[in-house]
Every structure is written in structure tokens, then in C-alpha cells.
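A.B. asks: Input file: input04.cif. Contents: mmCIF, C-alpha atoms.
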```
data_target
#
loop_
_atom_site.group_PDB
_atom_site.id
_atom_site.type_symbol
_atom_site.label_atom_id
_atom_site.label_comp_id
_atom_site.auth_asym_id
_atom_site.auth_seq_id
_atom_site.Cartn_x
_atom_site.Cartn_y
_atom_site.Cartn_z
ATOM 1 C CA MET Q 265 5.793 -11.488 37.132
ATOM 2 C CA SER Q 266 9.417 -10.752 37.834
ATOM 3 C CA ASN Q 267 10.532 -12.320 34.556
ATOM 4 C CA LEU Q 268 8.889 -9.577 32.536
ATOM 5 C CA ILE Q 269 11.270 -7.165 30.876
ATOM 6 C CA SER Q 270 10.661 -3.590 31.792
ATOM 7 C CA PRO Q 271 9.124 -1.829 28.809
ATOM 8 C CA ALA Q 272 11.394 1.131 29.443
ATOM 9 C CA ALA Q 273 14.446 -1.070 28.907
ATOM 10 C CA VAL Q 274 13.695 -2.371 25.445
ATOM 11 C CA GLY Q 275 12.842 0.600 23.278
ATOM 12 C CA LEU Q 276 9.620 1.074 21.348
ATOM 13 C CA THR Q 277 8.068 2.394 24.518
ATOM 14 C CA LYS Q 278 7.245 5.797 23.152
ATOM 15 C CA PRO Q 279 6.907 6.998 19.579
ATOM 16 C CA LEU Q 280 9.418 9.466 18.242
ATOM 17 C CA SER Q 281 6.539 11.322 16.638
ATOM 18 C CA VAL Q 282 2.820 11.002 16.096
ATOM 19 C CA ILE Q 283 0.839 12.559 13.273
ATOM 20 C CA VAL Q 284 -2.931 12.400 13.099
ATOM 21 C CA ALA Q 285 -4.313 12.914 9.619
ATOM 22 C CA SER Q 286 -7.438 14.982 9.159
ATOM 23 C CA GLY Q 287 -8.311 15.887 5.613
ATOM 24 C CA SER Q 288 -4.594 15.741 4.810
ATOM 25 C CA ALA Q 289 -3.235 15.615 1.281
ATOM 26 C CA THR Q 290 -0.048 14.068 2.657
ATOM 27 C CA VAL Q 291 1.273 12.822 5.974
ATOM 28 C CA ASP Q 292 4.967 13.647 6.294
ATOM 29 C CA ILE Q 293 6.924 11.744 8.934
ATOM 30 C CA GLU Q 294 10.331 13.310 9.448
ATOM 31 C CA THR Q 295 10.742 13.481 13.249
ATOM 32 C CA THR Q 296 13.125 11.947 13.452
ATOM 33 C CA PHE Q 297 14.987 9.715 11.057
ATOM 34 C CA ASP Q 298 18.706 9.898 11.892
ATOM 35 C CA SER Q 299 21.547 7.736 13.152
ATOM 36 C CA THR Q 300 20.185 7.527 16.693
ATOM 37 C CA TYR Q 301 18.652 4.175 15.728
ATOM 38 C CA ASP Q 302 19.419 1.609 13.049
ATOM 39 C CA GLU Q 303 15.877 0.254 12.773
ATOM 40 C CA TYR Q 304 12.656 2.234 12.518
ATOM 41 C CA LEU Q 305 9.033 1.174 12.563
ATOM 42 C CA ILE Q 306 5.990 3.113 11.457
ATOM 43 C CA LEU Q 307 2.646 1.940 12.799
ATOM 44 C CA ALA Q 308 -0.205 3.439 10.828
ATOM 45 C CA SER Q 309 -3.791 2.703 11.780
ATOM 46 C CA GLY Q 310 -7.354 3.834 11.273
ATOM 47 C CA ILE Q 311 -6.621 5.064 7.765
ATOM 48 C CA THR Q 312 -9.481 6.165 5.562
ATOM 49 C CA THR Q 313 -9.601 8.278 2.451
ATOM 50 C CA ASP Q 314 -12.372 10.387 0.985
ATOM 51 C CA ASN Q 315 -12.076 8.666 -2.363
ATOM 52 C CA GLY Q 316 -13.404 5.113 -2.533
ATOM 53 C CA SER Q 317 -11.060 4.271 -5.378
ATOM 54 C CA ALA Q 318 -7.845 5.740 -4.013
ATOM 55 C CA ASP Q 319 -4.646 3.807 -3.393
ATOM 56 C CA LEU Q 320 -2.345 4.625 -0.506
ATOM 57 C CA ARG Q 321 1.116 5.528 -1.723
ATOM 58 C CA PHE Q 322 4.400 6.732 -0.297
ATOM 59 C CA ARG Q 323 7.530 8.534 -1.351
ATOM 60 C CA LEU Q 324 10.821 8.853 0.485
ATOM 61 C CA LYS Q 325 12.794 11.948 1.345
ATOM 62 C CA ILE Q 326 16.221 11.064 0.031
ATOM 63 C CA ALA Q 327 19.148 13.466 0.150
ATOM 64 C CA ALA Q 328 16.942 16.216 1.629
ATOM 65 C CA ALA Q 329 14.092 16.132 -0.923
ATOM 66 C CA TYR Q 330 11.052 13.921 -1.524
ATOM 67 C CA ASP Q 331 12.015 11.922 -4.583
ATOM 68 C CA THR Q 332 9.400 12.172 -7.347
ATOM 69 C CA GLY Q 333 11.624 10.627 -10.015
ATOM 70 C CA ALA Q 334 11.279 7.150 -11.489
ATOM 71 C CA ASN Q 335 13.523 5.699 -8.803
ATOM 72 C CA TYR Q 336 11.266 3.261 -6.959
ATOM 73 C CA VAL Q 337 11.068 -0.503 -7.341
ATOM 74 C CA GLU Q 338 8.444 -2.589 -5.577
ATOM 75 C CA GLN Q 339 6.895 -6.026 -5.257
ATOM 76 C CA VAL Q 340 3.630 -6.596 -3.392
ATOM 77 C CA PHE Q 341 1.538 -9.675 -2.686
ATOM 78 C CA GLY Q 342 -1.948 -9.747 -1.318
ATOM 79 C CA GLY Q 343 -4.752 -12.056 -0.389
ATOM 80 C CA GLU Q 344 -8.470 -11.436 -0.284
ATOM 81 C CA SER Q 345 -10.841 -12.991 2.229
ATOM 82 C CA ASP Q 346 -13.094 -14.495 -0.425
ATOM 83 C CA VAL Q 347 -10.335 -15.782 -2.754
ATOM 84 C CA ALA Q 348 -8.324 -18.867 -1.817
ATOM 85 C CA THR Q 349 -5.090 -18.009 -3.586
ATOM 86 C CA LEU Q 350 -2.551 -15.261 -3.026
ATOM 87 C CA THR Q 351 -1.986 -12.759 -5.741
ATOM 88 C CA ASN Q 352 0.960 -10.761 -6.945
ATOM 89 C CA VAL Q 353 -0.949 -7.555 -7.158
ATOM 90 C CA THR Q 354 1.555 -4.935 -8.127
ATOM 91 C CA ARG Q 355 5.143 -4.520 -9.121
ATOM 92 C CA ALA Q 356 7.215 -1.740 -10.558
ATOM 93 C CA ALA Q 357 10.740 -1.486 -11.875
ATOM 94 C CA ALA Q 358 10.940 2.297 -12.144
ATOM 95 C CA GLY Q 359 7.943 3.878 -10.449
ATOM 96 C CA THR Q 360 7.666 7.482 -9.343
ATOM 97 C CA TYR Q 361 6.022 6.351 -6.093
ATOM 98 C CA VAL Q 362 5.279 3.174 -4.144
ATOM 99 C CA ASP Q 363 1.755 1.775 -4.116
ATOM 100 C CA MET Q 364 1.263 0.240 -0.678
ATOM 101 C CA ASN Q 365 -2.003 -1.557 -1.169
ATOM 102 C CA CYS Q 366 -1.499 -2.859 -4.617
ATOM 103 C CA GLY Q 367 -4.026 -0.947 -6.633
ATOM 104 C CA ILE Q 368 -6.775 -1.993 -4.285
ATOM 105 C CA GLN Q 369 -8.882 0.686 -2.772
ATOM 106 C CA THR Q 370 -8.720 1.961 0.748
ATOM 107 C CA PRO Q 371 -12.242 2.250 2.096
ATOM 108 C CA SER Q 372 -14.150 5.387 1.439
ATOM 109 C CA ALA Q 373 -15.232 7.024 4.673
ATOM 110 C CA ALA Q 374 -18.714 7.507 3.261
ATOM 111 C CA ALA Q 375 -19.039 4.091 1.635
ATOM 112 C CA ALA Q 376 -17.551 2.005 4.433
ATOM 113 C CA ALA Q 377 -17.813 3.856 7.717
ATOM 114 C CA SER Q 378 -16.734 0.853 9.742
ATOM 115 C CA ALA Q 379 -13.697 0.008 7.595
ATOM 116 C CA SER Q 380 -10.127 1.258 7.779
ATOM 117 C CA ALA Q 381 -6.598 0.301 6.790
ATOM 118 C CA GLN Q 382 -3.580 -0.359 8.974
ATOM 119 C CA PHE Q 383 0.066 -0.976 8.186
ATOM 120 C CA GLU Q 384 3.356 -1.710 9.902
ATOM 121 C CA ILE Q 385 6.326 -0.435 7.955
ATOM 122 C CA ARG Q 386 9.984 -1.134 8.642
ATOM 123 C CA ILE Q 387 12.961 0.952 7.538
ATOM 124 C CA SER Q 388 16.610 0.062 8.200
ATOM 125 C CA ASN Q 389 19.625 2.334 8.472
ATOM 126 C CA PRO Q 390 18.060 5.504 7.073
ATOM 127 C CA SER Q 391 21.226 7.524 7.627
ATOM 128 C CA ASP Q 392 23.448 5.225 5.624
ATOM 129 C CA THR Q 393 24.682 6.923 2.442
ATOM 130 C CA THR Q 394 26.090 3.898 0.642
ATOM 131 C CA LYS Q 395 23.113 1.556 0.368
ATOM 132 C CA LYS Q 396 19.792 1.795 -1.477
ATOM 133 C CA LYS Q 397 16.923 2.482 0.922
ATOM 134 C CA LYS Q 398 14.606 -0.484 1.406
ATOM 135 C CA VAL Q 399 11.183 -0.591 3.015
ATOM 136 C CA THR Q 400 9.083 -3.598 3.960
ATOM 137 C CA TRP Q 401 5.498 -3.521 5.107
ATOM 138 C CA ARG Q 402 2.521 -5.599 6.002
ATOM 139 C CA GLY Q 403 -1.028 -4.409 6.268
ATOM 140 C CA THR Q 404 -4.690 -5.152 6.239
ATOM 141 C CA PHE Q 405 -7.700 -3.254 5.021
ATOM 142 C CA PHE Q 406 -11.148 -3.567 3.582
ATOM 143 C CA ASP Q 407 -11.612 -2.705 -0.047
ATOM 144 C CA LYS Q 408 -14.806 -0.996 -1.108
ATOM 145 C CA THR Q 409 -16.597 -4.320 -1.719
ATOM 146 C CA PRO Q 410 -15.882 -4.552 1.260
ATOM 147 C CA ALA Q 411 -13.612 -7.615 1.319
ATOM 148 C CA LEU Q 412 -10.818 -8.013 3.849
ATOM 149 C CA TRP Q 413 -7.302 -8.039 2.399
ATOM 150 C CA GLN Q 414 -3.855 -8.636 3.733
ATOM 151 C CA VAL Q 415 -0.875 -7.304 1.833
ATOM 152 C CA TRP Q 416 2.838 -7.478 2.295
ATOM 153 C CA GLY Q 417 5.356 -5.742 0.191
ATOM 154 C CA THR Q 418 8.853 -4.557 -0.288
ATOM 155 C CA ALA Q 419 10.118 -1.477 -2.041
ATOM 156 C CA ALA Q 420 13.311 0.455 -2.470
ATOM 157 C CA ASN Q 421 14.480 3.799 -3.664
ATOM 158 C CA THR Q 422 17.500 3.291 -5.866
ATOM 159 C CA GLY Q 423 19.216 6.365 -4.453
ATOM 160 C CA THR Q 424 21.764 6.002 -1.695
ATOM 161 C CA GLY Q 425 21.358 9.366 0.039
ATOM 162 C CA ALA Q 426 20.207 9.523 3.638
ATOM 163 C CA LEU Q 427 16.514 8.928 4.219
ATOM 164 C CA THR Q 428 15.054 11.698 6.369
ATOM 165 C CA GLY Q 429 11.348 11.579 5.588
ATOM 166 C CA PHE Q 430 8.445 9.310 4.700
ATOM 167 C CA ARG Q 431 5.450 10.819 2.884
ATOM 168 C CA PHE Q 432 2.111 9.003 2.715
ATOM 169 C CA TYR Q 433 -0.513 10.211 0.292
ATOM 170 C CA PRO Q 434 -3.553 8.823 -1.510
ATOM 171 C CA SER Q 435 -3.621 8.613 -5.290
ATOM 172 C CA ALA Q 436 -6.535 11.065 -5.267
ATOM 173 C CA ASP Q 437 -8.137 13.399 -2.748
ATOM 174 C CA ASN Q 438 -7.188 13.299 0.935
ATOM 175 C CA ILE Q 439 -6.470 11.032 3.866
ATOM 176 C CA VAL Q 440 -9.567 11.606 5.983
ATOM 177 C CA ALA Q 441 -8.234 10.010 9.130
ATOM 178 C CA GLY Q 442 -5.390 7.899 10.436
ATOM 179 C CA THR Q 443 -2.724 7.900 13.093
ATOM 180 C CA PHE Q 444 0.903 7.508 12.048
ATOM 181 C CA ARG Q 445 3.483 6.728 14.743
ATOM 182 C CA LEU Q 446 7.238 6.472 14.225
ATOM 183 C CA TYR Q 447 9.310 4.300 16.563
ATOM 184 C CA GLY Q 448 13.044 3.677 16.780
ATOM 185 C CA PHE Q 449 14.494 0.405 18.026
ATOM 186 C CA LYS Q 450 17.277 0.792 20.545
ATOM 187 C CA LYS Q 451 20.616 -0.350 19.126
ATOM 188 C CA THR Q 452 21.588 -2.402 22.179
ATOM 189 C CA MET R 57 -9.154 24.418 -1.834
ATOM 190 C CA THR R 58 -5.703 24.478 -0.320
ATOM 191 C CA ARG R 59 -4.070 21.123 0.297
ATOM 192 C CA TYR R 60 -1.975 20.447 3.373
ATOM 193 C CA HIS R 61 0.934 18.315 4.472
ATOM 194 C CA ALA R 62 0.215 16.941 7.948
ATOM 195 C CA THR R 63 3.423 17.199 9.990
ATOM 196 C CA VAL R 64 4.445 17.174 13.627
ATOM 197 C CA ASP R 65 4.464 20.971 13.392
ATOM 198 C CA GLY R 66 0.882 21.091 12.141
ATOM 199 C CA ASN R 67 -0.531 21.561 8.678
ATOM 200 C CA ILE R 68 1.761 23.072 6.074
ATOM 201 C CA PRO R 69 0.036 24.337 2.925
ATOM 202 C CA PHE R 70 1.134 23.129 -0.478
ATOM 203 C CA THR R 71 3.183 25.547 -2.534
ATOM 204 C CA PRO R 72 1.711 26.560 -5.915
ATOM 205 C CA GLU R 73 4.190 24.183 -7.555
ATOM 206 C CA GLU R 74 3.077 21.328 -5.308
ATOM 207 C CA GLU R 75 -0.588 22.102 -6.052
ATOM 208 C CA ALA R 76 0.096 21.967 -9.789
ATOM 209 C CA ALA R 77 1.999 18.694 -9.490
ATOM 210 C CA ARG R 78 -0.776 17.182 -7.376
ATOM 211 C CA GLU R 79 -3.451 18.253 -9.853
ATOM 212 C CA ALA R 80 -1.498 16.595 -12.649
ATOM 213 C CA GLU R 81 -1.209 13.362 -10.622
ATOM 214 C CA ILE R 82 -4.942 13.281 -9.967
ATOM 215 C CA VAL R 83 -5.772 13.908 -13.634
ATOM 216 C CA GLU R 84 -3.498 11.003 -14.527
ATOM 217 C CA TRP R 85 -5.095 8.821 -11.831
ATOM 218 C CA ASN R 86 -8.653 9.588 -12.939
ATOM 219 C CA ALA R 87 -7.786 8.910 -16.580
ATOM 220 C CA GLY R 88 -6.651 5.408 -15.674
ATOM 221 C CA GLU R 89 -9.707 4.333 -13.683
ATOM 222 C CA ALA R 90 -11.300 2.131 -16.366
ATOM 223 C CA LYS R 91 -8.021 0.345 -17.035
ATOM 224 C CA ARG R 92 -7.375 -0.188 -13.312
ATOM 225 C CA GLY R 93 -10.846 -1.601 -12.848
ATOM 226 C CA ALA R 94 -10.329 -4.100 -15.658
ATOM 227 C CA LEU R 95 -6.915 -5.080 -14.306
ATOM 228 C CA ARG R 96 -8.331 -5.602 -10.812
ATOM 229 C CA GLN R 97 -11.024 -7.873 -12.219
ATOM 230 C CA ILE R 98 -8.442 -9.807 -14.234
ATOM 231 C CA VAL R 99 -6.304 -10.321 -11.126
ATOM 232 C CA ALA R 100 -9.335 -11.596 -9.217
ATOM 233 C CA LEU R 101 -10.320 -13.925 -12.052
ATOM 234 C CA GLU R 102 -6.788 -15.316 -12.447
ATOM 235 C CA ALA R 103 -6.803 -16.127 -8.741
ATOM 236 C CA LYS R 104 -9.893 -18.282 -9.191
ATOM 237 C CA ILE R 105 -7.995 -20.781 -11.349
ATOM 238 C CA THR R 106 -6.605 -23.051 -8.670
ATOM 239 C CA SER R 107 -3.967 -25.780 -8.605
ATOM 240 C CA ARG R 108 -6.740 -28.290 -8.117
ATOM 241 C CA MET R 109 -8.373 -27.189 -11.363
ATOM 242 C CA HIS R 110 -5.050 -27.524 -13.194
ATOM 243 C CA ARG R 111 -4.583 -31.007 -11.749
ATOM 244 C CA GLU R 112 -8.040 -32.175 -12.706
ATOM 245 C CA VAL R 113 -7.597 -30.969 -16.285
ATOM 246 C CA ILE R 114 -4.170 -32.609 -16.594
ATOM 247 C CA LEU R 115 -5.543 -35.889 -15.253
ATOM 248 C CA GLY R 116 -8.570 -35.685 -17.492
ATOM 249 C CA LYS R 117 -11.023 -35.755 -14.619
ATOM 250 C CA THR R 118 -14.601 -34.755 -15.306
ATOM 251 C CA ASP R 119 -15.793 -34.295 -11.733
ATOM 252 C CA VAL R 120 -18.336 -31.515 -11.475
ATOM 253 C CA ASN R 121 -17.743 -28.670 -9.048
ATOM 254 C CA PRO R 122 -20.944 -28.522 -6.971
ATOM 255 C CA GLU R 123 -20.636 -24.749 -6.640
ATOM 256 C CA THR R 124 -20.452 -24.034 -10.352
ATOM 257 C CA GLY R 125 -21.972 -27.183 -11.852
ATOM 258 C CA LYS R 126 -19.031 -27.412 -14.262
ATOM 259 C CA THR R 127 -15.915 -29.519 -14.728
ATOM 260 C CA ALA R 128 -12.541 -27.907 -14.038
ATOM 261 C CA LYS R 129 -11.933 -27.389 -17.766
ATOM 262 C CA GLN R 130 -15.347 -25.799 -18.210
ATOM 263 C CA ASP R 131 -14.668 -23.519 -15.235
ATOM 264 C CA ILE R 132 -11.302 -22.497 -16.669
ATOM 265 C CA ASP R 133 -12.851 -21.888 -20.080
ATOM 266 C CA ALA R 134 -15.518 -19.669 -18.522
ATOM 267 C CA ILE R 135 -12.975 -17.680 -16.499
ATOM 268 C CA ASP R 136 -10.712 -17.357 -19.528
ATOM 269 C CA ALA R 137 -13.573 -15.960 -21.569
ATOM 270 C CA GLN R 138 -14.198 -13.322 -18.911
ATOM 271 C CA ILE R 139 -10.511 -12.422 -18.851
ATOM 272 C CA ALA R 140 -10.442 -12.138 -22.642
ATOM 273 C CA ALA R 141 -13.397 -9.762 -22.547
ATOM 274 C CA LEU R 142 -11.641 -7.600 -19.961
ATOM 275 C CA ARG R 143 -8.371 -7.622 -21.890
ATOM 276 C CA ALA R 144 -10.248 -6.274 -24.867
ATOM 277 C CA GLN R 145 -11.060 -3.174 -22.789
ATOM 278 C CA LEU R 146 -7.393 -2.372 -22.074
#
```
Would you kindly transcribe this structure into C-alpha cells?

C.D. replies:
Amino acid sequence: MSNLISPAAVGLTKPLSVIVASGSATVDIETTFDSTYDEYLILASGITTDNGSADLRFRLKIAAAYDTGANYVEQVFGGESDVATLTNVTRAAAGTYVDMNCGIQTPSAAAAASASAQFEIRISNPSDTTKKKKVTWRGTFFDKTPALWQVWGTAANTGTGALTGFRFYPSADNIVAGTFRLYGFKKT
Amino acid sequence: MTRYHATVDGNIPFTPEEEAAREAEIVEWNAGEAKRGALRQIVALEAKITSRMHREVILGKTDVNPETGKTAKQDIDAIDAQIAALRAQL
């Protein structure tokens, strides 16, 4: 077993912050996006909402404020367990938010007690002030059918200010449950 | 009922301005439910028209799909009719 790399040597060993949602209108991850790392990863799991028709969305904190303007572009593909082909399920050229799961519902806690959503979300160089801020993600969830979906998407905020926060929120009602962990990759 | 931002420092209540903005977003979301439902169904229906069905129509094949009991063209026609009905709701 001597060829194993020590977990402590490679980063990602401990989250920078952990937020557990519980009847939360938003989940705000801000601790801590800065220049300590170039690459960040959010692992979000066990997500449920109390609205069976809600989408999971996010907005970015750019230049010290969560941007609610029409400054988001996105492209998302998804595939459903009972449909053979992949589908381009949402896109936006000037959205006021980013729709993570493509207009497909996260499971209602009441309607699908055994279902939940999970995502891995990557952000690069949040402290850079010259480049537009891009986000890529991949996730899986049950819709309220419930059918199993996978989705992968990319989005950007067209602003170039430093990114210092990531706000998740459902399109209606609250996030009933979910754990959101932020990790930074060591630079070297 | 007060809404909260979940943060590493605990729950932070919405400001009155945030509450008003959130209410407006939810009103907008609820107003679009019928349209979203139709669009979701259209996306699902479009995904049912496969490359194989295209190929069979182009080649003029009349093989019957054992699941639907129809030829590829008949399947496409049936799906297209459903999509047209949904588009009429938008």
C-alpha cells in the first residue's frame, strides 16, 4: 500500500465550508472563494425541495453583490432513464439566473421521499478580474415521475468582477434538505 | 413566514427588499407552470423521434415497430400530432 498518495498531500481532504440546508430559501456559499486556490469544487448532495415542480437555480456573487441582472448565459444537456436520446433541455443567452436541472423538477420531499438530487460544480479562478466567470456542473436526480436523469451544463456570468459567492435557490419555496461542501484544489 | 439564507454563520433572514423580490419571482414562476409543462412534454416527445426512425422513413421501409404496432413514419406522424397539440397551448 506504499504507493498510495497521502490524502493530506493532495488537497480536497477537507472542505473549506459546509452548509446544511433545512427549510432554506437560499444556500449561500462564500467561505471562502479567494486567490488561495485556482480551482474550486462544490459537492452538493441529498437535495430536496418542498415544491414538486421547483427547479434548482444559482446566482453568482460578482463584484461583492449577487448578480440578479440579465447577465447569465447557459447551455444544459440531459438524459432521462426511460428515453434513449439525450436532450438539450435548456439554454439562455441573457438569463437573470442559471437553471441547473434544465426545467426538470427536483423531487418533492412529500411526493418522493426516497429521491434526491446531487451535483458536482466546478469554478475556476474566482478571484480573476479580467475574465468572465464560468461554471460547469454535472448532476443526477429523480424528477417527480420519478425518472432518473443525468444533466451536465455550463454557464457563465458575463461580468468580470471577482466571484466571492455562490447562491443556490429553488424557483419556488424552499430547499428542504441538502449538504453543500466547498473544496479548493491545491495549486501545486 | 420569514425566509432565510443558509450560511456558514447560520440562518440570515431576508431583508424586506429580498422578500419582495422573492415573492415577485415566485409569482412569475407560478404563472409559467402550464407553459413549462407543455414545453417539458414537447422535449420528451421530440426525444422519442430517433435516428433509426429517420433512417427508416428515408429508406422507405415499412417495418412495424413491435412496441407501437406502427411504421416509423406512422410513429413520427403520431408524435408530431401530439407536439402540435401541445404547441397550441403555448

A.B. asks: Name all residues at most 7 Å from range 122-131 of chain R (count all atoms listed in the file; drop same-chain ones fewer than 6 positions away) and give them as number ranges by chain.

C.D. replies: R: 109, 112-113

A.B. asks: Could you write out that same residue set with C-alpha atoms as a PDB file, in the frame of the given file?

C.D. replies:
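Dumped everything to part_6.pdb:
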```pdb
ATOM      1  CA  MET R 109      -8.373 -27.189 -11.363  1.00  0.00           C
ATOM      2  CA  GLU R 112      -8.040 -32.175 -12.706  1.00  0.00           C
ATOM      3  CA  VAL R 113      -7.597 -30.969 -16.285  1.00  0.00           C
TER       4      VAL R 113
END
```

A.B. asks: Please report as a PDB file with C-alpha atoms, in the coordinates of the input which residues of chain R come no farther than 9 Å from chain Q, using only C-alpha atoms.

C.D. replies:
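part25.pdb, written as the output of this step:
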```pdb
ATOM      1  CA  ARG R  59      -4.070  21.123   0.297  1.00  0.00           C
ATOM      2  CA  TYR R  60      -1.975  20.447   3.373  1.00  0.00           C
ATOM      3  CA  HIS R  61       0.934  18.315   4.472  1.00  0.00           C
ATOM      4  CA  ALA R  62       0.215  16.941   7.948  1.00  0.00           C
ATOM      5  CA  THR R  63       3.423  17.199   9.990  1.00  0.00           C
ATOM      6  CA  VAL R  64       4.445  17.174  13.627  1.00  0.00           C
ATOM      7  CA  GLY R  66       0.882  21.091  12.141  1.00  0.00           C
ATOM      8  CA  ASN R  67      -0.531  21.561   8.678  1.00  0.00           C
ATOM      9  CA  PHE R  70       1.134  23.129  -0.478  1.00  0.00           C
ATOM     10  CA  ARG R  78      -0.776  17.182  -7.376  1.00  0.00           C
ATOM     11  CA  GLU R  81      -1.209  13.362 -10.622  1.00  0.00           C
ATOM     12  CA  ILE R  82      -4.942  13.281  -9.967  1.00  0.00           C
ATOM     13  CA  VAL R  83      -5.772  13.908 -13.634  1.00  0.00           C
ATOM     14  CA  TRP R  85      -5.095   8.821 -11.831  1.00  0.00           C
ATOM     15  CA  ASN R  86      -8.653   9.588 -12.939  1.00  0.00           C
ATOM     16  CA  GLU R  89      -9.707   4.333 -13.683  1.00  0.00           C
ATOM     17  CA  ARG R  92      -7.375  -0.188 -13.312  1.00  0.00           C
ATOM     18  CA  ARG R  96      -8.331  -5.602 -10.812  1.00  0.00           C
ATOM     19  CA  VAL R  99      -6.304 -10.321 -11.126  1.00  0.00           C
ATOM     20  CA  ALA R 100      -9.335 -11.596  -9.217  1.00  0.00           C
ATOM     21  CA  GLU R 102      -6.788 -15.316 -12.447  1.00  0.00           C
ATOM     22  CA  ALA R 103      -6.803 -16.127  -8.741  1.00  0.00           C
ATOM     23  CA  LYS R 104      -9.893 -18.282  -9.191  1.00  0.00           C
ATOM     24  CA  ILE R 105      -7.995 -20.781 -11.349  1.00  0.00           C
ATOM     25  CA  THR R 106      -6.605 -23.051  -8.670  1.00  0.00           C
TER      26      THR R 106
END
```

A.B. asks: Please measure the separation of CA of Ala358 in chain Q and CA of Ala420 in chain Q, giving the value in Å to one decimal.

C.D. replies: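 Computing it gives 10.1 Å between the two atoms.
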
A.B. asks: Let me know the residues the PyMOL selection byres ((chain Q and resi 429) around 9) catches in the file above, as a list in words.

C.D. replies: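 Selected by the PyMOL selection byres ((chain Q and resi 429) around 9) in this file: Asp292, Ile293, Glu294, Thr295, Thr296, Phe297, Arg323, Leu324, Lys325, Ile326, Ala328, Ala329, Tyr330, Leu427, Thr428, Phe430 and Arg431 of chain Q.
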
A.B. asks: Could you check how far CA of Tyr301 in chain Q sits from CA of Val340 in chain Q, in Å to one decimal?

C.D. replies: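 CA of Val340 in chain Q lies at a distance of 26.6 Å from CA of Tyr301 in chain Q.
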
A.B. asks: Near Ala327 in chain Q, counting all atoms listed in the file, which residues have an atom at most 12 Å away, once you skip same-chain residues fewer than 3 positions from it, shown as a list in words?

C.D. replies: Leu324, Tyr330, Asp331, Pro390, Ser391, Asp392, Thr393, Thr394, Lys396, Lys397, Asn421, Thr422, Gly423, Thr424, Gly425, Ala426, Leu427, Thr428 and Gly429 of chain Q

A.B. asks: In Å, how far is it from CA of Phe405 in chain Q to CA of Arg108 in chain R?

C.D. replies: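 These atoms are spaced 28.3 Å apart.
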
A.B. asks: R:Ile98, R:Val120, R:Ala87, R:Ala80: which is nearest Ala137 in chain R, counting only C-alpha atoms?

C.D. replies: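 Smallest distance to Ala137 in chain R is found for R:Ile98.
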
A.B. asks: Nearest to Val415 in chain Q: which of Q:Thr452, Q:Thr400, Q:Asn335, Q:Ser380 is it, counting all atoms listed in the file?

C.D. replies: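 Closest to Val415 in chain Q, using all atoms listed in the file: Q:Thr400.
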